[in-house]
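Peer 1: Here's a structure for you.
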Amino acid sequence: MKQSAYYGHESQLYGVEELRLCGGRGDGMRLLEARNGRGLEFTVSADRCADISRLRYNGKNFGFFSVNGYVAPSYYDDKENGWLKGFTAGFLTTCGLVAVGSPCVDQGEALPLHGAADNIPAEHVFWETDDEQIRIRAVMRHAQIFSHKLLLTRTITCSLLKNELSISDTVENIGSETSPLMLLYHMNMGYPLLTERSELFIPAAEVLPRTEHAAEDLDTWNKVLEPTPGFAEQCYYHEFRDRPGVAGIFSPDLGCGLQMNFDSSELDCFTQWKMMGCKDYVMGLEPGNCYPDGRDVTRAQGRLKFLEPGAKKTYGVRLTVVESQDQWNRLKADYAK
């Protein structure tokens, strides 16, 4: 007997449901609640670049949700560090597409913290399912008159056969001028996945501190601390070079964790954001095609990427739930230095 004979509607087990928020600064925002029937659940924020605001496994939260809560893009502040006022974080915040990192002025253009991508609503979003997967597709237009004109098409694919999902982003330059292309997947690990007992695994070729403050604790970059009043954030840059792009986090307390895989030749800059403050307790594991130093610094370093008129570029990340200590041990053994 086929499984479908046992239920009236597939949403008894899996699927996607569209919701809208009521009240607060998130009033009216569209959310897509998805689940695969095997324990993996996630929320896609259609009005915030189809980012993944929540990620859960068997009811256990994996991401960090900031004190801001849900904030609609109408509240976006594009001045200097104004981006932080609406930074929900969630599991995934997309940074880019023409600026990532510190506010700066590059070739006469004033650029805010982390760019505007995550405050762009999807103008077209839909989903479809078959016997093996859920696919959510969204299109965001990062463009304005007399300036850059980029189109981002995102596909989030969630398996119905195992606890795995992937994010595939295609950026197209629909304008007539060459455009900078900066993209960072700001993925934010949070409690209860993240505690002082959690383990990190980032098998890069080299680890570089972003600041002198980070350099002071370079030897313990992978140590997760308990919430610490007054903690000053630390960032570490992980250079994979010719090694496979992989990173992971595991909670012995929960008996589960998360593995991420990416193409380290395309997403060639991996940032670890270590923020162990009280109420601001988060570990960012962030593949990108740039580091968050600002576009002016990235250009001066010769690492700035560009997209020619009519050209397309595709990036992606695969996320797999680590469901046991044995699976975590195998992951570390498979990618051991």
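Residues in the structure tokens are named by chain (A, B, ... in the order shown) and by number from 1 within that chain; ligands are numbered from 1 in the order shown.
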Could you list, as a PyMOL selection string, every residue within 7 Å of Leu160 (chain A), counting only C-alpha atoms and ignoring same-chain residues fewer than 6 positions away?
Peer 2: chain A and resi 36-37+132-133
Peer 1: Neighbours of Asp242 (chain A) within 12 Å (only C-alpha atoms; same-chain residues fewer than 4 positions away dropped), as a list in words?
Peer 2: Pro203, Ala204, Ala205, Glu206, Val246, Asp263, Ser264, Ser265, Glu266, Leu267 and Asp268 of chain A
Peer 1: For Leu319 (chain A), please output as a list in words all residues within 7 Å (counting only C-alpha atoms; exclusion window: fewer than 6 positions along the same chain).
Peer 2: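 Close residues of Leu319 (chain A): Glu164, Leu165, Ser166, Leu258, Gln259, Met260 and Asn261 of chain A.
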Peer 1: For Cys95 (chain A), which of A:Ala72, A:Cys49, A:Ala232, A:Leu19 is the closest residue, counting only C-alpha atoms?
Peer 2: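 Smallest separation from Cys95 (chain A) among the options: A:Cys49.
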Peer 1: Could you give me, as a list in words, the residues within 10 Å of Ser53 (chain A), counting only C-alpha atoms and dropping anything in the same chain fewer than 5 positions from it?
Peer 2: Leu31, Leu32, Phe42, Thr43, Val44, Ser45, Ala46, Arg48, Gly63, Phe64, Phe65, Gly69, Tyr70, Thr88, Ala89, Gly90, Phe91, Leu92, Thr93, Met187 and Asn188 of chain A
Peer 1: A:Gln12, A:Ser198, A:Asn81, A:Thr170: which is nearest Phe250 (chain A), counting only C-alpha atoms?
Peer 2: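 Comparing A:Gln12, A:Ser198, A:Asn81, A:Thr170 against Phe250 (chain A), the winner is A:Ser198.
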Peer 1: With only C-alpha atoms as the basis for distance, which of A:Arg141, A:Phe201, A:Cys235, A:Asp27 is at the shortest distance from Arg330 (chain A)?
Peer 2: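 The shortest atom-to-atom distance to Arg330 (chain A) comes from A:Phe201.
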Peer 1: Between CA of Asn329 (chain A) and CA of Tyr237 (chain A), what is the spacing in Å?
Peer 2: 24.1 Å
Peer 1: Got a sec: who's within 6 Å of Cys269 (chain A), counting only C-alpha atoms, leaving out chain neighbours fewer than 5 positions off, as a VMD selection string?
Peer 2: chain A and resid 288 to 291
Peer 1: Kindly save the residues from that selection, with all heavy atoms included, as a PDB file, in the first residue's frame.
Peer 2:
ATOM      1  N   GLY A 288      31.347  32.677   1.702  1.00  0.00           N
ATOM      2  CA  GLY A 288      31.099  33.826   0.842  1.00  0.00           C
ATOM      3  C   GLY A 288      32.135  33.927  -0.254  1.00  0.00           C
ATOM      4  O   GLY A 288      33.141  33.206  -0.249  1.00  0.00           O
ATOM      5  N   ASN A 289      31.894  34.826  -1.193  1.00  0.00           N
ATOM      6  CA  ASN A 289      32.903  35.089  -2.228  1.00  0.00           C
ATOM      7  C   ASN A 289      33.757  36.297  -1.854  1.00  0.00           C
ATOM      8  O   ASN A 289      34.500  36.827  -2.674  1.00  0.00           O
ATOM      9  CB  ASN A 289      32.247  35.277  -3.596  1.00  0.00           C
ATOM     10  CG  ASN A 289      31.559  36.627  -3.760  1.00  0.00           C
ATOM     11  OD1 ASN A 289      31.341  37.352  -2.787  1.00  0.00           O
ATOM     12  ND2 ASN A 289      31.209  36.971  -4.983  1.00  0.00           N
ATOM     13  N   CYS A 290      33.640  36.719  -0.584  1.00  0.00           N
ATOM     14  CA  CYS A 290      34.403  37.858  -0.070  1.00  0.00           C
ATOM     15  C   CYS A 290      34.408  37.789   1.444  1.00  0.00           C
ATOM     16  O   CYS A 290      33.619  37.061   2.055  1.00  0.00           O
ATOM     17  CB  CYS A 290      33.765  39.174  -0.526  1.00  0.00           C
ATOM     18  SG  CYS A 290      32.038  39.353   0.028  1.00  0.00           S
ATOM     19  N   TYR A 291      35.300  38.566   2.068  1.00  0.00           N
ATOM     20  CA  TYR A 291      35.297  38.740   3.515  1.00  0.00           C
ATOM     21  C   TYR A 291      34.588  40.056   3.861  1.00  0.00           C
ATOM     22  O   TYR A 291      34.481  40.959   3.008  1.00  0.00           O
ATOM     23  CB  TYR A 291      36.726  38.743   4.055  1.00  0.00           C
ATOM     24  CG  TYR A 291      37.387  37.381   4.016  1.00  0.00           C
ATOM     25  CD1 TYR A 291      38.585  37.186   3.319  1.00  0.00           C
ATOM     26  CD2 TYR A 291      36.810  36.298   4.669  1.00  0.00           C
ATOM     27  CE1 TYR A 291      39.198  35.932   3.289  1.00  0.00           C
ATOM     28  CE2 TYR A 291      37.416  35.045   4.640  1.00  0.00           C
ATOM     29  CZ  TYR A 291      38.603  34.865   3.952  1.00  0.00           C
ATOM     30  OH  TYR A 291      39.189  33.624   3.924  1.00  0.00           O
TER      31      TYR A 291
END
Peer 1: Env of Ile136 (chain A): 10 Å cut, atoms = only C-alpha atoms, seq-sep filter 3 positions within chain, self excluded. Answer as number ranges by chain.
Peer 2: A: 16, 32, 34, 44, 50, 125-129, 133, 154-158, 167
Peer 1: For the atom pair CA of Val98 (chain A) and CA of Trp273 (chain A), what is the interatomic distance in Å to one decimal place?
Peer 2: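 Straight-line distance from CA of Val98 (chain A) to CA of Trp273 (chain A) works out to 20.8 Å.
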Peer 1: I need the residue nearest Gly310 (chain A) from this list: A:Lys149, A:Arg210, A:Arg243, A:Lys162. Use only C-alpha atoms for the distance.
Peer 2: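 Once distances to Gly310 (chain A) are computed over only C-alpha atoms, the minimum belongs to A:Lys149.
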Peer 1: Would you write out, as JSON lines, a table of all residues in region 130-187 of chain A that have an atom no more than 9 Å from an atom of region 115-121 of chain A, listing for each the closest atom pair and the distance in Å to one decimal, considering only C-alpha atoms and ordering rows by chain and rising residue number?
Peer 2:
{"residue": "A:Val139", "atom": "CA", "partner": "A:Pro121", "partner_atom": "CA", "distance": 8.6}
{"residue": "A:Met140", "atom": "CA", "partner": "A:Pro121", "partner_atom": "CA", "distance": 6.4}
{"residue": "A:Arg141", "atom": "CA", "partner": "A:Ile120", "partner_atom": "CA", "distance": 7.3}
{"residue": "A:His142", "atom": "CA", "partner": "A:Ala117", "partner_atom": "CA", "distance": 6.7}
Peer 1: Generate the output file for the selected residues, C-alpha atoms, as a compact mmCIF listing (two decimals), in the first residue's frame.
Peer 2:
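part.txt, freshly written:
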# COMPACT_ATOMS: atom_id res chain seq x y z
CA VAL A 139 13.10 36.01 -7.41
CA MET A 140 14.54 39.21 -5.93
CA ARG A 141 15.42 42.34 -7.92
CA HIS A 142 18.51 44.11 -6.53
Peer 1: Please determine, counting only C-alpha atoms, which residue among A:Tyr281, A:Tyr76, A:Phe270, A:Phe231 has the shortest atom-to-atom distance to Ala247 (chain A).
Peer 2: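 Result for the nearest residue to Ala247 (chain A): A:Phe270.
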Peer 1: Compare A:Lys274, A:Lys305, A:Arg295, A:His114 by their minimum atom-to-atom distance to Asn222 (chain A), counting only C-alpha atoms, and give me the closest one.
Peer 2: A:Lys274
Peer 1: What residues in region 158-330 of chain A get the DSSP label strand (DSSP E)? Please answer as a PDB file with N, CA and C atoms, in the first residue's frame.
Peer 2:
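Contents of result06.pdb, as written:
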ATOM      1  N   CYS A 158      14.567  20.906  -0.367  1.00  0.00           N
ATOM      2  CA  CYS A 158      14.590  20.103   0.855  1.00  0.00           C
ATOM      3  C   CYS A 158      14.205  18.669   0.515  1.00  0.00           C
ATOM      4  N   SER A 159      15.045  17.729   0.901  1.00  0.00           N
ATOM      5  CA  SER A 159      14.776  16.319   0.640  1.00  0.00           C
ATOM      6  C   SER A 159      13.643  15.809   1.528  1.00  0.00           C
ATOM      7  N   GLU A 164      18.161  16.942   4.779  1.00  0.00           N
ATOM      8  CA  GLU A 164      19.134  17.732   4.036  1.00  0.00           C
ATOM      9  C   GLU A 164      18.401  18.773   3.203  1.00  0.00           C
ATOM     10  N   LEU A 165      18.986  19.970   3.125  1.00  0.00           N
ATOM     11  CA  LEU A 165      18.453  20.981   2.214  1.00  0.00           C
ATOM     12  C   LEU A 165      19.601  21.729   1.562  1.00  0.00           C
ATOM     13  N   SER A 166      19.324  22.312   0.410  1.00  0.00           N
ATOM     14  CA  SER A 166      20.344  23.055  -0.315  1.00  0.00           C
ATOM     15  C   SER A 166      19.779  24.395  -0.750  1.00  0.00           C
ATOM     16  N   ILE A 167      20.691  25.364  -0.865  1.00  0.00           N
ATOM     17  CA  ILE A 167      20.351  26.701  -1.336  1.00  0.00           C
ATOM     18  C   ILE A 167      21.168  26.963  -2.587  1.00  0.00           C
ATOM     19  N   SER A 168      20.501  27.275  -3.676  1.00  0.00           N
ATOM     20  CA  SER A 168      21.178  27.589  -4.926  1.00  0.00           C
ATOM     21  C   SER A 168      20.747  28.978  -5.379  1.00  0.00           C
ATOM     22  N   ASP A 169      21.727  29.861  -5.582  1.00  0.00           N
ATOM     23  CA  ASP A 169      21.455  31.246  -5.965  1.00  0.00           C
ATOM     24  C   ASP A 169      22.093  31.550  -7.310  1.00  0.00           C
ATOM     25  N   THR A 170      21.294  32.035  -8.240  1.00  0.00           N
ATOM     26  CA  THR A 170      21.812  32.501  -9.520  1.00  0.00           C
ATOM     27  C   THR A 170      21.620  34.008  -9.598  1.00  0.00           C
ATOM     28  N   VAL A 171      22.730  34.720  -9.772  1.00  0.00           N
ATOM     29  CA  VAL A 171      22.697  36.184  -9.900  1.00  0.00           C
ATOM     30  C   VAL A 171      22.940  36.535 -11.356  1.00  0.00           C
ATOM     31  N   GLU A 172      22.060  37.340 -11.925  1.00  0.00           N
ATOM     32  CA  GLU A 172      22.181  37.769 -13.321  1.00  0.00           C
ATOM     33  C   GLU A 172      22.297  39.286 -13.383  1.00  0.00           C
ATOM     34  N   ASN A 173      23.227  39.770 -14.175  1.00  0.00           N
ATOM     35  CA  ASN A 173      23.365  41.205 -14.402  1.00  0.00           C
ATOM     36  C   ASN A 173      22.459  41.583 -15.569  1.00  0.00           C
ATOM     37  N   SER A 179      29.097  45.089 -12.954  1.00  0.00           N
ATOM     38  CA  SER A 179      28.726  45.325 -11.569  1.00  0.00           C
ATOM     39  C   SER A 179      29.609  44.526 -10.622  1.00  0.00           C
ATOM     40  N   PRO A 180      29.993  45.116  -9.483  1.00  0.00           N
ATOM     41  CA  PRO A 180      30.607  44.300  -8.434  1.00  0.00           C
ATOM     42  C   PRO A 180      29.633  43.210  -8.006  1.00  0.00           C
ATOM     43  N   MET A 182      29.223  40.770  -4.687  1.00  0.00           N
ATOM     44  CA  MET A 182      29.657  40.329  -3.363  1.00  0.00           C
ATOM     45  C   MET A 182      28.505  39.576  -2.709  1.00  0.00           C
ATOM     46  N   LEU A 183      28.824  38.411  -2.159  1.00  0.00           N
ATOM     47  CA  LEU A 183      27.786  37.568  -1.556  1.00  0.00           C
ATOM     48  C   LEU A 183      28.360  36.841  -0.354  1.00  0.00           C
ATOM     49  N   LEU A 184      27.638  36.918   0.766  1.00  0.00           N
ATOM     50  CA  LEU A 184      28.046  36.212   1.975  1.00  0.00           C
ATOM     51  C   LEU A 184      26.809  35.578   2.598  1.00  0.00           C
ATOM     52  N   TYR A 185      26.881  34.271   2.845  1.00  0.00           N
ATOM     53  CA  TYR A 185      25.793  33.549   3.500  1.00  0.00           C
ATOM     54  C   TYR A 185      26.008  33.651   5.019  1.00  0.00           C
ATOM     55  N   HIS A 186      25.348  34.611   5.625  1.00  0.00           N
ATOM     56  CA  HIS A 186      25.503  34.909   7.048  1.00  0.00           C
ATOM     57  C   HIS A 186      24.642  33.906   7.825  1.00  0.00           C
ATOM     58  N   MET A 187      25.192  32.692   8.064  1.00  0.00           N
ATOM     59  CA  MET A 187      24.455  31.638   8.754  1.00  0.00           C
ATOM     60  C   MET A 187      24.807  31.665  10.232  1.00  0.00           C
ATOM     61  N   ASN A 188      23.773  31.734  11.062  1.00  0.00           N
ATOM     62  CA  ASN A 188      23.918  32.072  12.468  1.00  0.00           C
ATOM     63  C   ASN A 188      23.476  30.919  13.366  1.00  0.00           C
ATOM     64  N   MET A 189      24.434  30.283  14.043  1.00  0.00           N
ATOM     65  CA  MET A 189      24.117  29.188  14.944  1.00  0.00           C
ATOM     66  C   MET A 189      23.722  29.750  16.302  1.00  0.00           C
ATOM     67  N   GLU A 199      30.718  21.652  19.762  1.00  0.00           N
ATOM     68  CA  GLU A 199      31.984  21.442  19.070  1.00  0.00           C
ATOM     69  C   GLU A 199      31.916  22.039  17.668  1.00  0.00           C
ATOM     70  N   LEU A 200      32.996  22.703  17.261  1.00  0.00           N
ATOM     71  CA  LEU A 200      33.108  23.252  15.915  1.00  0.00           C
ATOM     72  C   LEU A 200      34.106  22.424  15.114  1.00  0.00           C
ATOM     73  N   PHE A 201      33.837  22.341  13.812  1.00  0.00           N
ATOM     74  CA  PHE A 201      34.774  21.661  12.906  1.00  0.00           C
ATOM     75  C   PHE A 201      34.858  22.468  11.616  1.00  0.00           C
ATOM     76  N   GLU A 206      44.211  27.364   6.608  1.00  0.00           N
ATOM     77  CA  GLU A 206      44.800  28.398   7.464  1.00  0.00           C
ATOM     78  C   GLU A 206      43.696  29.205   8.120  1.00  0.00           C
ATOM     79  N   VAL A 207      43.936  29.644   9.348  1.00  0.00           N
ATOM     80  CA  VAL A 207      43.001  30.494  10.077  1.00  0.00           C
ATOM     81  C   VAL A 207      43.671  31.828  10.349  1.00  0.00           C
ATOM     82  N   LEU A 208      43.013  32.919   9.955  1.00  0.00           N
ATOM     83  CA  LEU A 208      43.573  34.256  10.103  1.00  0.00           C
ATOM     84  C   LEU A 208      42.642  35.114  10.954  1.00  0.00           C
ATOM     85  N   PRO A 209      43.146  35.809  11.956  1.00  0.00           N
ATOM     86  CA  PRO A 209      42.304  36.700  12.747  1.00  0.00           C
ATOM     87  C   PRO A 209      42.010  37.987  11.979  1.00  0.00           C
ATOM     88  N   GLN A 234      34.642  38.560  17.843  1.00  0.00           N
ATOM     89  CA  GLN A 234      35.886  38.176  17.181  1.00  0.00           C
ATOM     90  C   GLN A 234      35.545  37.488  15.865  1.00  0.00           C
ATOM     91  N   CYS A 235      36.289  37.821  14.828  1.00  0.00           N
ATOM     92  CA  CYS A 235      36.090  37.188  13.532  1.00  0.00           C
ATOM     93  C   CYS A 235      37.376  36.491  13.099  1.00  0.00           C
ATOM     94  N   TYR A 236      37.211  35.318  12.525  1.00  0.00           N
ATOM     95  CA  TYR A 236      38.337  34.558  11.999  1.00  0.00           C
ATOM     96  C   TYR A 236      38.049  34.185  10.552  1.00  0.00           C
ATOM     97  N   TYR A 237      39.064  34.347   9.723  1.00  0.00           N
ATOM     98  CA  TYR A 237      38.942  34.027   8.307  1.00  0.00           C
ATOM     99  C   TYR A 237      39.604  32.672   8.055  1.00  0.00           C
ATOM    100  N   HIS A 238      38.841  31.756   7.477  1.00  0.00           N
ATOM    101  CA  HIS A 238      39.318  30.399   7.215  1.00  0.00           C
ATOM    102  C   HIS A 238      39.569  30.245   5.716  1.00  0.00           C
ATOM    103  N   GLU A 239      40.818  30.075   5.359  1.00  0.00           N
ATOM    104  CA  GLU A 239      41.215  29.914   3.965  1.00  0.00           C
ATOM    105  C   GLU A 239      41.270  28.418   3.635  1.00  0.00           C
ATOM    106  N   GLY A 245      35.206  22.537   0.684  1.00  0.00           N
ATOM    107  CA  GLY A 245      34.531  23.459   1.590  1.00  0.00           C
ATOM    108  C   GLY A 245      33.552  22.717   2.485  1.00  0.00           C
ATOM    109  N   VAL A 246      33.871  22.644   3.757  1.00  0.00           N
ATOM    110  CA  VAL A 246      32.997  21.966   4.715  1.00  0.00           C
ATOM    111  C   VAL A 246      33.176  22.594   6.089  1.00  0.00           C
ATOM    112  N   ALA A 247      32.104  22.665   6.846  1.00  0.00           N
ATOM    113  CA  ALA A 247      32.155  23.135   8.215  1.00  0.00           C
ATOM    114  C   ALA A 247      31.003  22.495   8.961  1.00  0.00           C
ATOM    115  N   GLY A 248      31.139  22.421  10.293  1.00  0.00           N
ATOM    116  CA  GLY A 248      30.077  21.799  11.058  1.00  0.00           C
ATOM    117  C   GLY A 248      30.077  22.226  12.505  1.00  0.00           C
ATOM    118  N   ILE A 249      28.950  21.976  13.148  1.00  0.00           N
ATOM    119  CA  ILE A 249      28.788  22.221  14.575  1.00  0.00           C
ATOM    120  C   ILE A 249      27.955  21.074  15.131  1.00  0.00           C
ATOM    121  N   PHE A 250      28.317  20.632  16.342  1.00  0.00           N
ATOM    122  CA  PHE A 250      27.615  19.499  16.949  1.00  0.00           C
ATOM    123  C   PHE A 250      27.405  19.776  18.425  1.00  0.00           C
ATOM    124  N   SER A 251      26.208  19.429  18.912  1.00  0.00           N
ATOM    125  CA  SER A 251      25.884  19.574  20.327  1.00  0.00           C
ATOM    126  C   SER A 251      25.794  18.194  20.965  1.00  0.00           C
ATOM    127  N   CYS A 256      22.890  16.025  18.208  1.00  0.00           N
ATOM    128  CA  CYS A 256      22.736  16.335  16.787  1.00  0.00           C
ATOM    129  C   CYS A 256      23.502  17.608  16.465  1.00  0.00           C
ATOM    130  N   GLY A 257      23.607  17.901  15.202  1.00  0.00           N
ATOM    131  CA  GLY A 257      24.324  19.089  14.761  1.00  0.00           C
ATOM    132  C   GLY A 257      24.051  19.371  13.307  1.00  0.00           C
ATOM    133  N   LEU A 258      24.945  20.116  12.687  1.00  0.00           N
ATOM    134  CA  LEU A 258      24.726  20.555  11.317  1.00  0.00           C
ATOM    135  C   LEU A 258      26.039  20.564  10.556  1.00  0.00           C
ATOM    136  N   GLN A 259      25.981  20.069   9.330  1.00  0.00           N
ATOM    137  CA  GLN A 259      27.129  20.097   8.414  1.00  0.00           C
ATOM    138  C   GLN A 259      26.778  20.964   7.228  1.00  0.00           C
ATOM    139  N   MET A 260      27.713  21.810   6.800  1.00  0.00           N
ATOM    140  CA  MET A 260      27.509  22.592   5.581  1.00  0.00           C
ATOM    141  C   MET A 260      28.627  22.289   4.591  1.00  0.00           C
ATOM    142  N   ASN A 261      28.260  22.140   3.328  1.00  0.00           N
ATOM    143  CA  ASN A 261      29.210  21.908   2.247  1.00  0.00           C
ATOM    144  C   ASN A 261      29.039  22.987   1.197  1.00  0.00           C
ATOM    145  N   PHE A 262      30.169  23.433   0.608  1.00  0.00           N
ATOM    146  CA  PHE A 262      30.134  24.475  -0.408  1.00  0.00           C
ATOM    147  C   PHE A 262      31.372  24.332  -1.282  1.00  0.00           C
ATOM    148  N   CYS A 269      35.902  32.483   0.532  1.00  0.00           N
ATOM    149  CA  CYS A 269      36.158  33.234   1.757  1.00  0.00           C
ATOM    150  C   CYS A 269      35.178  32.748   2.825  1.00  0.00           C
ATOM    151  N   PHE A 270      35.696  32.131   3.880  1.00  0.00           N
ATOM    152  CA  PHE A 270      34.829  31.622   4.943  1.00  0.00           C
ATOM    153  C   PHE A 270      35.102  32.408   6.224  1.00  0.00           C
ATOM    154  N   THR A 271      34.058  33.050   6.730  1.00  0.00           N
ATOM    155  CA  THR A 271      34.164  33.863   7.935  1.00  0.00           C
ATOM    156  C   THR A 271      33.498  33.158   9.113  1.00  0.00           C
ATOM    157  N   GLN A 272      34.202  33.112  10.223  1.00  0.00           N
ATOM    158  CA  GLN A 272      33.632  32.657  11.486  1.00  0.00           C
ATOM    159  C   GLN A 272      33.422  33.871  12.372  1.00  0.00           C
ATOM    160  N   TRP A 273      32.169  34.140  12.716  1.00  0.00           N
ATOM    161  CA  TRP A 273      31.812  35.266  13.578  1.00  0.00           C
ATOM    162  C   TRP A 273      31.531  34.718  14.971  1.00  0.00           C
ATOM    163  N   LYS A 274      32.399  35.038  15.910  1.00  0.00           N
ATOM    164  CA  LYS A 274      32.304  34.525  17.274  1.00  0.00           C
ATOM    165  C   LYS A 274      31.799  35.637  18.179  1.00  0.00           C
ATOM    166  N   MET A 275      30.535  35.523  18.580  1.00  0.00           N
ATOM    167  CA  MET A 275      29.909  36.541  19.413  1.00  0.00           C
ATOM    168  C   MET A 275      29.276  35.850  20.613  1.00  0.00           C
ATOM    169  N   MET A 276      29.969  35.906  21.758  1.00  0.00           N
ATOM    170  CA  MET A 276      29.579  35.128  22.927  1.00  0.00           C
ATOM    171  C   MET A 276      28.938  35.994  24.012  1.00  0.00           C
ATOM    172  N   TYR A 281      24.212  35.925  21.688  1.00  0.00           N
ATOM    173  CA  TYR A 281      24.992  34.690  21.775  1.00  0.00           C
ATOM    174  C   TYR A 281      24.843  33.929  20.467  1.00  0.00           C
ATOM    175  N   VAL A 282      25.864  34.028  19.617  1.00  0.00           N
ATOM    176  CA  VAL A 282      25.728  33.510  18.251  1.00  0.00           C
ATOM    177  C   VAL A 282      27.104  33.156  17.698  1.00  0.00           C
ATOM    178  N   MET A 283      27.127  32.129  16.876  1.00  0.00           N
ATOM    179  CA  MET A 283      28.332  31.756  16.143  1.00  0.00           C
ATOM    180  C   MET A 283      27.979  31.755  14.656  1.00  0.00           C
ATOM    181  N   GLY A 284      28.559  32.700  13.925  1.00  0.00           N
ATOM    182  CA  GLY A 284      28.318  32.769  12.494  1.00  0.00           C
ATOM    183  C   GLY A 284      29.289  31.872  11.740  1.00  0.00           C
ATOM    184  N   LEU A 285      28.763  31.006  10.885  1.00  0.00           N
ATOM    185  CA  LEU A 285      29.557  30.169   9.989  1.00  0.00           C
ATOM    186  C   LEU A 285      29.150  30.578   8.583  1.00  0.00           C
ATOM    187  N   GLU A 286      30.046  31.318   7.883  1.00  0.00           N
ATOM    188  CA  GLU A 286      29.610  32.148   6.771  1.00  0.00           C
ATOM    189  C   GLU A 286      30.453  31.971   5.508  1.00  0.00           C
ATOM    190  N   PRO A 287      30.054  31.064   4.626  1.00  0.00           N
ATOM    191  CA  PRO A 287      30.729  30.986   3.328  1.00  0.00           C
ATOM    192  C   PRO A 287      30.388  32.214   2.482  1.00  0.00           C
ATOM    193  N   GLY A 288      31.347  32.677   1.702  1.00  0.00           N
ATOM    194  CA  GLY A 288      31.099  33.826   0.842  1.00  0.00           C
ATOM    195  C   GLY A 288      32.135  33.927  -0.254  1.00  0.00           C
ATOM    196  N   PHE A 306      33.370  40.549 -10.121  1.00  0.00           N
ATOM    197  CA  PHE A 306      32.510  41.372 -10.972  1.00  0.00           C
ATOM    198  C   PHE A 306      31.621  40.473 -11.833  1.00  0.00           C
ATOM    199  N   LEU A 307      30.507  41.051 -12.277  1.00  0.00           N
ATOM    200  CA  LEU A 307      29.586  40.361 -13.171  1.00  0.00           C
ATOM    201  C   LEU A 307      29.329  41.254 -14.376  1.00  0.00           C
ATOM    202  N   LYS A 312      25.666  35.498 -15.871  1.00  0.00           N
ATOM    203  CA  LYS A 312      25.060  34.890 -14.693  1.00  0.00           C
ATOM    204  C   LYS A 312      26.130  34.175 -13.877  1.00  0.00           C
ATOM    205  N   LYS A 313      25.904  34.113 -12.569  1.00  0.00           N
ATOM    206  CA  LYS A 313      26.805  33.389 -11.679  1.00  0.00           C
ATOM    207  C   LYS A 313      25.964  32.646 -10.650  1.00  0.00           C
ATOM    208  N   THR A 314      26.280  31.364 -10.427  1.00  0.00           N
ATOM    209  CA  THR A 314      25.522  30.548  -9.482  1.00  0.00           C
ATOM    210  C   THR A 314      26.405  30.121  -8.316  1.00  0.00           C
ATOM    211  N   TYR A 315      25.876  30.286  -7.113  1.00  0.00           N
ATOM    212  CA  TYR A 315      26.532  29.852  -5.884  1.00  0.00           C
ATOM    213  C   TYR A 315      25.579  28.942  -5.129  1.00  0.00           C
ATOM    214  N   GLY A 316      26.123  28.145  -4.215  1.00  0.00           N
ATOM    215  CA  GLY A 316      25.244  27.272  -3.451  1.00  0.00           C
ATOM    216  C   GLY A 316      25.877  26.726  -2.193  1.00  0.00           C
ATOM    217  N   VAL A 317      25.009  26.311  -1.265  1.00  0.00           N
ATOM    218  CA  VAL A 317      25.411  25.695  -0.003  1.00  0.00           C
ATOM    219  C   VAL A 317      24.462  24.531   0.269  1.00  0.00           C
ATOM    220  N   ARG A 318      25.027  23.414   0.722  1.00  0.00           N
ATOM    221  CA  ARG A 318      24.201  22.265   1.123  1.00  0.00           C
ATOM    222  C   ARG A 318      24.291  22.091   2.636  1.00  0.00           C
ATOM    223  N   LEU A 319      23.148  21.899   3.279  1.00  0.00           N
ATOM    224  CA  LEU A 319      23.069  21.741   4.725  1.00  0.00           C
ATOM    225  C   LEU A 319      22.531  20.355   5.049  1.00  0.00           C
ATOM    226  N   THR A 320      23.239  19.636   5.913  1.00  0.00           N
ATOM    227  CA  THR A 320      22.854  18.286   6.290  1.00  0.00           C
ATOM    228  C   THR A 320      22.801  18.178   7.805  1.00  0.00           C
ATOM    229  N   VAL A 321      21.707  17.657   8.332  1.00  0.00           N
ATOM    230  CA  VAL A 321      21.617  17.449   9.773  1.00  0.00           C
ATOM    231  C   VAL A 321      22.527  16.288  10.167  1.00  0.00           C
ATOM    232  N   VAL A 322      23.360  16.516  11.162  1.00  0.00           N
ATOM    233  CA  VAL A 322      24.167  15.448  11.753  1.00  0.00           C
ATOM    234  C   VAL A 322      23.328  14.853  12.875  1.00  0.00           C
TER     235      VAL A 322
END
Peer 1: Which distance in Å separates CA of Thr94 (chain A) and CA of Arg54 (chain A), to one decimal?
Peer 2: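 That distance, rounded to one decimal, is 13.8 Å.
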Peer 1: Would you list the contacts of Tyr75 (chain A) as a PyMOL selection string, taking every protein, DNA or RNA residue within 8 Å and counting only C-alpha atoms, but skipping same-chain residues closer than 4 positions in sequence?
Peer 2: chain A and resi 25+71+86
